[in-house]
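This report concerns only the one structure given below.
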Amino acid sequence: MSKMQVEQAQDELTSLARKWMASFNNKQLEALLALYDDNAVHVSPKLRVKRPETEGKVVGKVALTSWFEDALTNLPTLQYEEQRITVQGSIEQDGVQGRIFMEYIRHNQGDADMEIAELLNVHHGKIVASKVYHG
């Protein structure tokens, strides 16, 4: 892969991460969901606490819609502040593939700020898996 292709992949993955952050912060559920594959898997410690029956994992857009809609609706002051985005990937015939590691601070009125790290796996330009880590 040429240096230009590497840079293009990095730019596309960074752009996807920033679209994710903006969609979440602007409470744009449809825009957020559009970034995910139909069969995406999401794992989060908050999910394990709020919905123990899931064991911290949801699969597919229907489950993702419910989870994100709940957060966007019931936590109106929730905002994520980008700290660092690290990407690694490649351009394939069917789109960008790679990994995005996002570090951000979770702000929500009434809660202590929390450092978060989230790993996004991308295939065909869509998020196929995400895993959240609390610091």
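A note on labels: chains of the structure tokens are A, B, ... as shown, every chain counts residues from 1, and ligands are counted from 1 in their shown order.
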Strand (DSSP E) call set, DSSP backbone run, range 77-133 of chain A, as a PyMOL selection string: chain A and resi 79-92+95-107+114-123+126-133
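Residues in contact with range 73-81 of chain A at 8 Å, where only C-alpha atoms are counted and same-chain residues fewer than 6 positions away are skipped, are listed as Met21, Phe24, Asn25, Tyr104, Ile105, Arg106, His107, Asn108 and Gln109 of chain A.
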Using only N, CA, C and O atoms, please write the residues we just selected to a file, as a short mmCIF file (atom, residue, chain, number, x, y, z; two decimals), in the first residue's frame.
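Result file follows (selection_10.cif):
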data_model
loop_
_atom_site.label_atom_id
_atom_site.label_comp_id
_atom_site.auth_asym_id
_atom_site.auth_seq_id
_atom_site.Cartn_x
_atom_site.Cartn_y
_atom_site.Cartn_z
N MET A 21 -18.46 11.19 17.07
CA MET A 21 -18.47 12.10 18.21
C MET A 21 -19.49 13.22 18.01
O MET A 21 -20.28 13.52 18.91
N PHE A 24 -23.13 11.92 18.24
CA PHE A 24 -23.50 11.65 19.62
C PHE A 24 -23.75 12.96 20.36
O PHE A 24 -24.80 13.14 21.00
N ASN A 25 -22.81 13.88 20.28
CA ASN A 25 -22.93 15.14 21.02
C ASN A 25 -24.11 15.99 20.56
O ASN A 25 -24.68 16.74 21.35
N TYR A 104 -11.78 9.91 25.19
CA TYR A 104 -12.59 11.10 25.41
C TYR A 104 -13.01 11.18 26.87
O TYR A 104 -12.89 10.22 27.63
N ILE A 105 -13.48 12.36 27.24
CA ILE A 105 -13.98 12.57 28.59
C ILE A 105 -15.50 12.66 28.52
O ILE A 105 -16.05 13.38 27.70
N ARG A 106 -16.14 11.88 29.37
CA ARG A 106 -17.61 11.87 29.46
C ARG A 106 -18.03 12.92 30.47
O ARG A 106 -17.64 12.86 31.63
N HIS A 107 -18.82 13.89 29.99
CA HIS A 107 -19.37 14.93 30.85
C HIS A 107 -20.89 14.74 30.91
O HIS A 107 -21.53 14.60 29.86
N ASN A 108 -21.42 14.74 32.11
CA ASN A 108 -22.87 14.71 32.28
C ASN A 108 -23.20 15.42 33.58
O ASN A 108 -22.63 15.08 34.63
N GLN A 109 -24.09 16.40 33.49
CA GLN A 109 -24.46 17.18 34.66
C GLN A 109 -24.89 16.26 35.80
O GLN A 109 -25.70 15.35 35.61
#
Test item: residues at most 7 Å from range 113-127 of chain A, only C-alpha atoms, excluding those fewer than 6 positions along its chain, as a PyMOL selection string: chain A and resi 35-37+40+94-107+133-135
Take the residues from that selection and put them in a file with C-alpha atoms, as a CSV table (one decimal), in the first residue's frame.
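Listing of again33.csv after writing:
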chain,number,residue,atom,x,y,z
A,35,LEU,CA,-22.0,4.7,10.9
A,36,TYR,CA,-22.7,1.2,12.0
A,37,ASP,CA,-23.1,-2.1,10.1
A,40,ALA,CA,-22.6,-4.5,14.7
A,94,ASP,CA,-15.0,-2.4,-0.7
A,95,GLY,CA,-14.0,0.6,1.4
A,96,VAL,CA,-11.8,1.5,4.4
A,97,GLN,CA,-11.0,-1.1,7.0
A,98,GLY,CA,-9.2,-0.7,10.2
A,99,ARG,CA,-9.3,0.2,13.9
A,100,ILE,CA,-10.1,3.5,15.6
A,101,PHE,CA,-9.1,4.1,19.2
A,102,MET,CA,-10.9,7.1,20.7
A,103,GLU,CA,-10.1,8.6,24.0
A,104,TYR,CA,-12.6,11.1,25.4
A,105,ILE,CA,-14.0,12.6,28.6
A,106,ARG,CA,-17.6,11.9,29.5
A,107,HIS,CA,-19.4,14.9,30.8
A,133,TYR,CA,-13.4,1.0,28.5
A,134,HIS,CA,-13.8,3.2,31.6
A,135,GLY,CA,-10.8,4.7,33.2
Spatial neighbours of range 42-51 of chain A, 7 Å, only C-alpha atoms, chain gap at least 3 places, as an mmCIF file with N, CA and C atoms, in the first residue's frame:
data_model
loop_
_atom_site.group_PDB
_atom_site.id
_atom_site.type_symbol
_atom_site.label_atom_id
_atom_site.label_comp_id
_atom_site.auth_asym_id
_atom_site.auth_seq_id
_atom_site.Cartn_x
_atom_site.Cartn_y
_atom_site.Cartn_z
ATOM 1 N N THR A 54 -28.241 -8.094 29.301
ATOM 2 C CA THR A 54 -27.424 -8.102 28.081
ATOM 3 C C THR A 54 -26.009 -8.617 28.330
ATOM 4 N N GLU A 55 -25.626 -8.701 29.603
ATOM 5 C CA GLU A 55 -24.253 -9.038 29.992
ATOM 6 C C GLU A 55 -23.245 -8.070 29.378
ATOM 7 N N GLY A 56 -23.723 -6.825 29.131
ATOM 8 C CA GLY A 56 -22.846 -5.768 28.632
ATOM 9 C C GLY A 56 -22.666 -5.743 27.135
ATOM 10 N N LYS A 57 -23.484 -6.494 26.385
ATOM 11 C CA LYS A 57 -23.285 -6.594 24.932
ATOM 12 C C LYS A 57 -24.623 -6.544 24.199
ATOM 13 N N VAL A 58 -24.672 -5.726 23.143
ATOM 14 C CA VAL A 58 -25.829 -5.721 22.248
ATOM 15 C C VAL A 58 -25.348 -5.997 20.830
ATOM 16 N N VAL A 59 -26.227 -6.607 20.040
ATOM 17 C CA VAL A 59 -25.880 -6.989 18.671
ATOM 18 C C VAL A 59 -26.985 -6.510 17.737
ATOM 19 N N ALA A 129 -17.844 -3.390 15.144
ATOM 20 C CA ALA A 129 -17.733 -3.713 16.570
ATOM 21 C C ALA A 129 -17.201 -2.510 17.320
ATOM 22 N N SER A 130 -17.708 -2.331 18.521
ATOM 23 C CA SER A 130 -17.198 -1.262 19.395
ATOM 24 C C SER A 130 -17.135 -1.791 20.817
ATOM 25 N N LYS A 131 -16.092 -1.376 21.517
ATOM 26 C CA LYS A 131 -15.914 -1.809 22.897
ATOM 27 C C LYS A 131 -15.463 -0.610 23.712
ATOM 28 N N VAL A 132 -16.178 -0.347 24.801
ATOM 29 C CA VAL A 132 -15.940 0.815 25.652
ATOM 30 C C VAL A 132 -15.179 0.382 26.904
#
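As for CA of Ala63 in chain A and CA of Lys19 in chain A, they are spaced 20.6 Å apart.
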All helix (DSSP H, G or I) residues (DSSP, backbone) inside range 5-129 of chain A, as a PyMOL selection string: chain A and resi 5-25+29-33+45-50+52-54+61-74
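CA of Gln93 in chain A is positioned 14.0 Å from CA of Val6 in chain A.
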